[in-house]
Each structure stands twice: as structure tokens, then as C-alpha cells.
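Colleague: Have a look at the structure that comes next, please.
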Amino acid sequence: MIHGRRREREAITRLLADARGGRSGALVLRGEAGIGKSALLRHAAESAATSEPMRVLACAGVESEVEHAFSGLLGLLRPVLHHLDALPGVQAGALRGALGLTDSAAPDFSVSDFLVSAAVLTLLAAVAADRPLLVVVDDVQWLDHASAAALLFAARRLADEPLAMLLAVREPEPLPVNTAGLTELVLHGLPQEEAALLLEEHGWTLPVRQRDALFTATAGNPLALIELARLDEPDRAMPDLAMTGTLPVSTRVRAAFLRQVEALSADGRAALLVAAAEETGDAGTVLGAAARLGLPADALGPAERSGLVQLNGIKVGFRHPLIRSAVYADASFDHRRAAHLAIAAHLSATGRDDQAIWHRAVATTAPDEKIATALEHSADAARRRGGAAAAISVLRHAARLSESSADRRQRTVTAAFVALDAGRPGLARKLVDHVMAEPVPAVTLAQLNGIIELYGGDPAIAYSHLMRCAELMASTEPEEAAWTLLLAAGSALHAGDMEGSLRATRRITDLDCAPATLRAAEGLLGGFEGVVTGAELWELPGTMPRGRGGGDERQWMWATVIGWMGPDDHQALRLVEATGRRVRAEGSAALLTEVLFYHADIEFRLGRWAEGTEHAEEGLRFSYETGQRGWTANFLAQSARFAAVRGEAAACRRYARQALEIAFPLRERIAAATATGALGLLALGEGASAEAFAELTRLFERGSPQSNDFVALAMLPDLVEAAVRAGDPERARRIVEAVGSQTAGIRGPVALSRNHLCHAMLSDDAQAESRYRSALASSGLDQRLFDRARIELLYGEWLHRNHRGTEARAMLRAASESFEALGAEPWARRALARFRAAGGAMPRPGRAVAALLSPQELEVSRLAARGLSNREIGDRMHLSPRTVGSHLYRAFPKLGISTRAELRDLDLD
């Protein structure tokens, strides 16, 4: 029976109801040991089995299994593995490999964490398609890292499937992965009244003073109360609890468990320790290892009879995971060592040396190169199966067991590179710190420090390290040096150092590299002009030499960066999509995050804002989960920009503030400039020209933490427009002249269009028109709908001011329609207002125009036309008044009206 927990039970009921109704969701229960998380999970499973039964999949983390990649996932998915055939082939193969269902050592067979995670999400959706599904995971903090990452990946990406996920996390245990972004419920102790009822159910009817003391000592922890009551000796327990009243509840719960363990015989405790040390719960292994210690066959009998463990023939299960932890932690090292050695001996005797090696490693007290080497090989296998987190842990243990300082250093450095490839710069930094005092090769140290700073630190420092690394590699590994220089160029760009970026790129052309690599460097240097043709870009990855990793994702990154800088955005989009597929398949979280940045940026230019927003959000999740703080700032800035052009003021300001808080201390100037530019765009769209000019000016101020020439150049027309509207064109003119002298060598259709537009806004009427027409004539604008509509709007306003109504109306109508299609609401309202001011009349919306509205917008408009208030409409349609207002806000520009009264004149039937 669950006492209290009304809030939590209601949340679980809603979660299950949503899943039965076809709406997915995830909920994290968080609290200290014994607080009632497991009981709530059992309650959820029982509730799922009642009316309209759901399928339930469940597993629990085991502390000693945390280094065994995907062990938790295998336990969870075993009942539904027959659904694997429904998955796409590559996902099915990845998941089979991760779960050890195929020969993971096959040549060239390698899968990624992200591919496995995607397969888990697809599999769960396939299972839920048969009937609603509940996934229950207890003790996530003890789940192996790879399983936890895959399940949390799925939890964050649940779509509209009849699927619910319920995860329980123990505090204050450290988590293998971050649960941020999921709905959480924090469990606290029971109220005194509920605690008293619980104790009475277990036979403890205590005097008020003793009961209150017990409540104070346990803070109402249900499991602590139950376990203390099971001692059946309250007079002995109460003084003990009073003596430890200031200790964490988890410690007191452990003490309660150990009282039961202490009642066992020495043989019983030894057998229980073997069960605690054996991570799989395999009864044969536990009993075989116990026999090797000379324990009787029935040594676990007393523990089973006392309820500490359950045996079902093939499995040994602890009544609660905390019992396992208590037994293991309370044992002396000598006893734990003996248990592990016995388990290892049994595993080796039964042909399971790969499992035995871990137990030998845990039991080893001195360096042992044989075990260290075996562990290193085990790490390689774990990484091939996608268990990067497990591989890092195993390599660290191998380093500790290494007999020579050189081997210890090399294994630690290898772990650091694995951490970087997995997108975990914080962990890599800690590993590098471990070897800083040892004679690490300068090139290795420079490379590690450079990439660490690139992903999680200061891009200016990253640039310095990477340039030094490239110079050290230049004569012996020119291709690796070229890749390092590409990273350095990107670091300089993010640091706001355009000259440094050019310096790094030019250095590539001096290296003794393959012709394709040198051609790629030329493509970077002439990126704006599209020096490398489209056909060459697609051929480039196949002609460039492979990098150290052996995959082709690096070569595709070259092509993507060149395409991103070039004038053909459609081609850039196709390239980044192709690169994204390869990087996901290779499993490089670090590269994937960068690819998502380019993807979202290209989609912003193309006006594919819904898709771009999704990629920015995905990148934000990945960067946050992996600790790549620089990319986190960039994705927040991109999100601010998407919100700005849509007129979502609160979201824009929130994203921009968060981006700047991260970007400033890191000196991440692309992120800072993009976030500041987003605020300027927002103000410009809202008509706050002076505010917009103030924000955008920061991008061009030397020494400003928001300055970045790369971003500033793209936003120069925005600054000029803001300045002209604010009545300060002279300041804008000076900035335009300064930028022109600095960027005289930059060509390309988009750059030329911007230049014409800036001069059009600053020119007198005699010259302005030719400049506007030249800006519109740019071939690059055919792909950039928002940029083109902005020019049409400005040119249309100029035509209207010069009393050329017919031409103005045509230009303003085109701008209005483009903004409407994009969802750029502030700009659509402005273009429509200017169109009507120029004498334009939108056609009365009969059926054809009304069809532009969404079903809800149309119904809201019909009710508003009948005179109903927002609240009355909301009551009828089960919407909030605010949502009703939002629907009308979006509908008015589509209908060509600006007031509620005008709805009555329209044919909306």
C-alpha cells in the first residue's frame, strides 16, 4: 500500500491515461533511497495492468553493472526483441550489436551511441503500436551509462505514440547522464500521520514521544520505517536511531538492512556478498563461485527465508537494490576481493573470460599489465558496440593497473580522446589533468587541450593550442595537420578573429597534402564566391585521404563547411544532410553537434524555419547533455534568432539572455553576436528602431564581447535600416564605409546584394532605385525568401514615398505574401499595413481565402464574427482566452484585416 503520495499517484494516472489515449510522455521520480520511488513504480505497473491493460517493460540499474554497456537495455528489451525485424536494417543491426546478439567483433562492424539510441526509440514505438506501452526503469543512477543514455534519448524524443516512460532516480547519487528537460517529481518523506499508519501496519504501535523521535530521525522515509519495523525490536532500535539522527537517511536505511544481514551466519553473509558482487544475478554463477569459497550449497537459504533475496531457479534477486549496496559496501576489501576472484574463477572455467576479467580487475591490488591489456581490449569492444561511456571507464581502470608510466599515460590519453569523440569535453579535461605532470608528447597535449577548449571552453585558447598542434604535425602528418588547421580556423571564427581564421586556412595551402585537400583549402578561402563548383564539392569526400579514425565523416565535414560558406544554399542543405547521416552512423557526438549548427543556420537562410528550429533544439539537447558549452550558447542564439523573426518576443529574449550568459565568459563571439543580432531583429520587427540600432551597433564595436565580423557582415543591412528609421543615417554610413574597406576582397552574389541594399537605404532618391533593383537582381536571393521579402518591403516603401502607387503595391503585396508564408508575423503586419497605405485592397476572403486559415483559426474567427468574447470562445472550444487571442492574431493578416469588427463583413462559411 502506498501511503500519501496523492500528487505523485495523480501524475502517474495522467501519464497512463495519456498513453492509452495515444499521447506519449515521460516522468522522472527523484528522491533519496527508500523514499518510495520503487513503490510508486510498482503502483504504476499494477495500474497499467488494470482496465485497458498496457504492456509493461521494466528494468532496474545495478551498481556493479554500471561498467557493462547495454546490460540494462538488454534486460528491459528482452521480452520484445522479436520486434527487431520491424526496424530499419541499419537500426536493427546496431541494436543487435549493442545487445550482444551478433558477433560484435566482426570486421568493420561499428555502431554509434546515437544510432543505438534511435533504434531503441523506434523499437519502443513499434511495440507501442500493438497496444499502449509503459516503460519502467528503477535506479537510473546505477544503470550502465550506455543504457541510461539510450533511454533518456528516447524519453526526450517521444512523439505521438501510446507510450509512457517512468524513471526513478536516487539522490544524491551521481547520475550517468543528465535528466534535465524531462518532467520531474521530487519525493519527500511521509507526513507524521502517514508515517504512524505505516508503522502500525508493520506492528509498531509506539508511544507518541518514541514515534515522533523515529519520525524525526527518518524524516518520514518509508523504507527506513519499514525496515526498522521489521527488526521487531523498537526498544533497541530507537536509541540507535537517536544516536545517528543527523546522518543522511540513506545511511540509516543501510544500517537497517545490515542489521538483518548481521543476523545471518558467516556462511550466509559470505554467500550474500557473492550475490552482491555478481552483477547479472545469474544463480549458476553465484552458487558456483560460492562453492569455490567452500560455502555450502544452501548458504543463501537463510537470506532467502529472511526476505533479503529471492531465488527463482536461474536468478538471484535482491528485495531492494539498497540491500545489494549495503552488503557490498559493508564488507571488508579482503572479503570483496575473495568474492570477485571466486566469481572470476567460475566464469573462466565456464568459458566466459571476457566477463571474468572485470572481476579480476576489481580484485587486483597491484599493477598487472596482463589484466590492464585485457581491459584495454575490452574497452575497444565496448566502443565498437557503442558503449563510449563504458569504454572510458574501462580504459581508466586499465590505466590504474598499468605497470609502466608510459602505458598508464597512453591509456589515460586514449580515454580522453574517446571522451572528446563522445562529446564530453569536461571529462576529457579531467583526464588530461591526470597526465599533465607526466612527459606527454607536446603534440598530443596541444591537440587534446585544443579540442577540449573548442568543445567546452574558450575558442581563442582553442585556436592557440590547435595552431601549435598543427605546426608540430605539419612535417610528419600533413593531412592530420590540415584537419587540425580546419578546426583552428573554426575556433578563430567563433572567437571573432577573422584574420586568425584566414591565417589557419592559408597555412593548409603550404602543407604537403593531397591535391584534394589543397583544393578544399582553396574552397574555404574563396567560400563566398563558390570557388569550388557544386560537382567538385560532391566529389571531394571521395578524393580526400581518410583521417586517423578510418571513417569518411571528416571528408564530408570539409565539404559541408565549404558549402555552408558558399552562395548555393540548396546545395549546402543537401551536403549537410548527407554529412549528418554519416556522422550519426559513425557515432561522433562532437561532430554531430557541429553539423546541427550548420544545418539550422542553412535552414534559417532558406526560410525553412520549422525544420531549422527542430535542428537547433536537437543540437541544444545534445550540447547540454554532453557539456559542449560553446555549442550550447550557439544553439540558444540560433533559437533566439528563429523566435525574433517570428515575433516571439518573450522566447527571443529568454534564449538570448541564456546564450549571452554562457557566451561572455567563454568569449564565444559568434554566439554572442547572433544572440545580440536576434535582439536587434526583434526590436526592428517591433518598430523599436532606436533600440534595434543600439543592439546591432554592438556587433561592429571593436573590443565588444558581442562583436564578430562574420555575423556583423550578414547583419549590416539590418543595422542600416535601424539607423535610417531611428534618424541617424550618418553613423550607419560610417560603419558601412569601415566594413567596406575591411571586406573589399569578399565577393559573391549574396555579399553584393547586401552591399547594394545598404547603399540604397543611404542613397538619395536619384541613386536609390538602381541600388534596390541591383539588390533584388542577385541570384543568391532566389533561395533566401526572407532576405528577398525584406528588400521588397524596403523598395515598396521607397516607391510609395515617391508616389509610385502601382509599383509600390505590387512590391508590397509580394513582400506580404512571402512574410506570411514564412510565418514572419511582425514583418507580415508591417508589409500589409504599408500595402493598404499605398491604396492596396486585399480581396474579400470568401472560401478560397478562408481556406488559408487553419481549422481552429477559422472556427475562432467565425465565433468572433458573431460577437463572442475570447473567454466565451474559449469555453466553447476548450481553449484558454490567451490561445483564442493568439489564433485571431495569426488570422487577421491572412484575412487582410486589422480589427475584430471587420470579421463581420467577411464570408467565413
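Residue numbering restarts at 1 for every chain of the C-alpha cells, chains are lettered A, B, ... in their displayed order, and ligands are numbered from 1 as they appear.
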Neighbouring residues of segment 587-604 of chain A were defined as those with any atom within 7 Å, considering only C-alpha atoms; residues of the same chain fewer than 2 positions away were excluded. Please report them as JSON, numbers by chain.

Modeller: {"A": [111, 112, 113, 114, 115, 420, 421, 422, 423, 564, 569, 573, 576, 580, 583, 584, 585, 606, 607, 608, 609, 611, 612, 613, 615, 616, 619, 622, 623, 635]}

Colleague: Pick out the closest residue to Asp510 of chain A from this set: A:Ala482, A:Ala633, A:Leu287, A:Ala738. Count only C-alpha atoms.

Modeller: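 Smallest separation from Asp510 of chain A among the options: A:Ala482.
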
Colleague: Which residues come within 8 Å of Cys513 of chain A, counting only C-alpha atoms, excluding same-chain residues fewer than 2 positions away, as a list in words?

Modeller: Pro478, Glu479, Ala482, Leu511, Pro515, Thr517 and Leu518 of chain A

Colleague: Quick one: write out the picked residues with C-alpha atoms as a PDB file, in the first residue's frame?

Modeller:
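Final file, part_14.pdb:
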```
ATOM      1  CA  PRO A 478      50.315  16.843 -43.073  1.00  0.00           C
ATOM      2  CA  GLU A 479      46.765  15.532 -43.567  1.00  0.00           C
ATOM      3  CA  ALA A 482      45.259  20.125 -42.295  1.00  0.00           C
ATOM      4  CA  LEU A 511      51.353  21.727 -46.460  1.00  0.00           C
ATOM      5  CA  PRO A 515      45.626  17.745 -54.183  1.00  0.00           C
ATOM      6  CA  THR A 517      42.951  18.661 -49.508  1.00  0.00           C
ATOM      7  CA  LEU A 518      44.681  21.665 -51.060  1.00  0.00           C
TER       8      LEU A 518
END
```

Colleague: Kindly indicate which residue among A:Gly268, A:Gly75, A:Gly630, A:Pro439 lies nearest to Leu660 of chain A, using only C-alpha atoms for the distances.

Modeller: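 Under the stated criterion, the closest residue is A:Gly630.
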
Colleague: So which residues touch segment 5-7 of chain A within 9 Å, counting only C-alpha atoms, skipping near sequence neighbours fewer than 2 positions away, as a PyMOL selection string?

Modeller: chain A and resi 2-3+9-12+36+40+185+187+190

Colleague: Quick one: residues within 7 Å of Ala150 of chain A, only C-alpha atoms counted, chain neighbours fewer than 4 positions away excluded, as a VMD selection string?

Modeller: chain A and resid 116 to 117 120 146 154

Colleague: Those residues you just picked out, can you put them in a file as a short mmCIF file (atom, residue, chain, number, x, y, z; two decimals), in the first residue's frame with N, CA and C atoms?

Modeller:
```cif
data_model
loop_
_atom_site.label_atom_id
_atom_site.label_comp_id
_atom_site.auth_asym_id
_atom_site.auth_seq_id
_atom_site.Cartn_x
_atom_site.Cartn_y
_atom_site.Cartn_z
N VAL A 116 22.21 3.51 -31.87
CA VAL A 116 21.56 2.59 -30.95
C VAL A 116 20.38 3.27 -30.25
N SER A 117 20.59 4.53 -29.83
CA SER A 117 19.51 5.25 -29.17
C SER A 117 18.31 5.43 -30.10
N VAL A 120 16.46 2.19 -30.26
CA VAL A 120 15.62 1.97 -29.07
C VAL A 120 14.32 2.74 -29.18
N ALA A 146 25.60 3.52 -21.04
CA ALA A 146 25.10 3.42 -22.41
C ALA A 146 23.59 3.21 -22.42
N ALA A 154 15.52 8.44 -25.82
CA ALA A 154 14.15 8.11 -26.24
C ALA A 154 13.13 8.95 -25.47
#
```

Colleague: Residues within 6 Å of Ala775 of chain A, please, as a VMD selection string. Count only C-alpha atoms; anything in the same chain fewer than 2 positions from it doesn't count.

Modeller: chain A and resid 753 756 to 757 772 to 773 777 to 778

Colleague: Let me see the file: selected residues, N, CA, C and O atoms, as a CSV table (one decimal), in the first residue's frame.

Modeller:
```csv
chain,number,residue,atom,x,y,z
A,753,SER,N,24.6,41.7,-53.0
A,753,SER,CA,23.2,42.2,-52.8
A,753,SER,C,23.1,43.0,-51.5
A,753,SER,O,22.4,44.0,-51.5
A,756,HIS,N,24.5,46.5,-52.1
A,756,HIS,CA,23.6,47.3,-52.9
A,756,HIS,C,22.4,47.8,-52.0
A,756,HIS,O,22.0,49.0,-52.0
A,757,LEU,N,21.9,46.9,-51.1
A,757,LEU,CA,20.8,47.3,-50.2
A,757,LEU,C,21.2,48.4,-49.3
A,757,LEU,O,20.5,49.3,-49.0
A,772,TYR,N,18.3,49.4,-55.3
A,772,TYR,CA,17.3,48.5,-54.9
A,772,TYR,C,17.2,47.4,-56.0
A,772,TYR,O,17.0,46.2,-55.7
A,773,ARG,N,17.1,47.8,-57.2
A,773,ARG,CA,16.9,46.9,-58.3
A,773,ARG,C,18.1,45.9,-58.4
A,773,ARG,O,18.0,44.7,-58.7
A,777,ALA,N,18.2,41.9,-58.0
A,777,ALA,CA,18.6,41.1,-59.1
A,777,ALA,C,19.6,40.0,-58.7
A,777,ALA,O,19.9,39.1,-59.6
A,778,SER,N,20.1,40.0,-57.5
A,778,SER,CA,21.1,39.0,-57.1
A,778,SER,C,20.6,37.6,-57.2
A,778,SER,O,19.5,37.3,-56.8
```

Colleague: Apply DSSP to the structure's backbone, then extract all residues of segment 800-894 of chain A labelled helix (DSSP H, G or I) and return them as a ChimeraX atom specification.

Modeller: /A:800-801,805-822,825-837,847-850,855-865,870-877,881-894

Colleague: I want to know what sits within 8 Å of Ser491 of chain A, based on only C-alpha atoms, with residues of the same chain fewer than 3 positions away left out; could you give that as a PyMOL selection string?

Modeller: chain A and resi 454+459-460+462-463+487-488+494-495+501

Colleague: Let me make sure I understand: among A:Thr806, A:Ser816, A:Asn870, A:Asn449, which one has the smallest atom-to-atom distance to Leu793 of chain A if we use only C-alpha atoms?

Modeller: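 With only C-alpha atoms as the atom set, the closest residue is A:Ser816.
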
Colleague: Could you check which of A:Val362, A:Leu87, A:Ser38, A:Arg78 is closest to Gly61 of chain A, using only C-alpha atoms?

Modeller: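 Under the stated criterion, the closest residue is A:Ser38.
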
Colleague: Could you tell me how far atom CA of Met715 of chain A sits from atom CA of Gly823 of chain A, in Å to one decimal place?

Modeller: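 Separating atom CA of Gly823 of chain A from atom CA of Met715 of chain A is a distance of 20.2 Å.
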
Colleague: Could you work out how far atom CA of Arg790 of chain A lies from atom CA of Ala690 of chain A, giving the answer in Å with one decimal?

Modeller: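 Taking atom CA of Ala690 of chain A and atom CA of Arg790 of chain A, their separation equals 18.7 Å.
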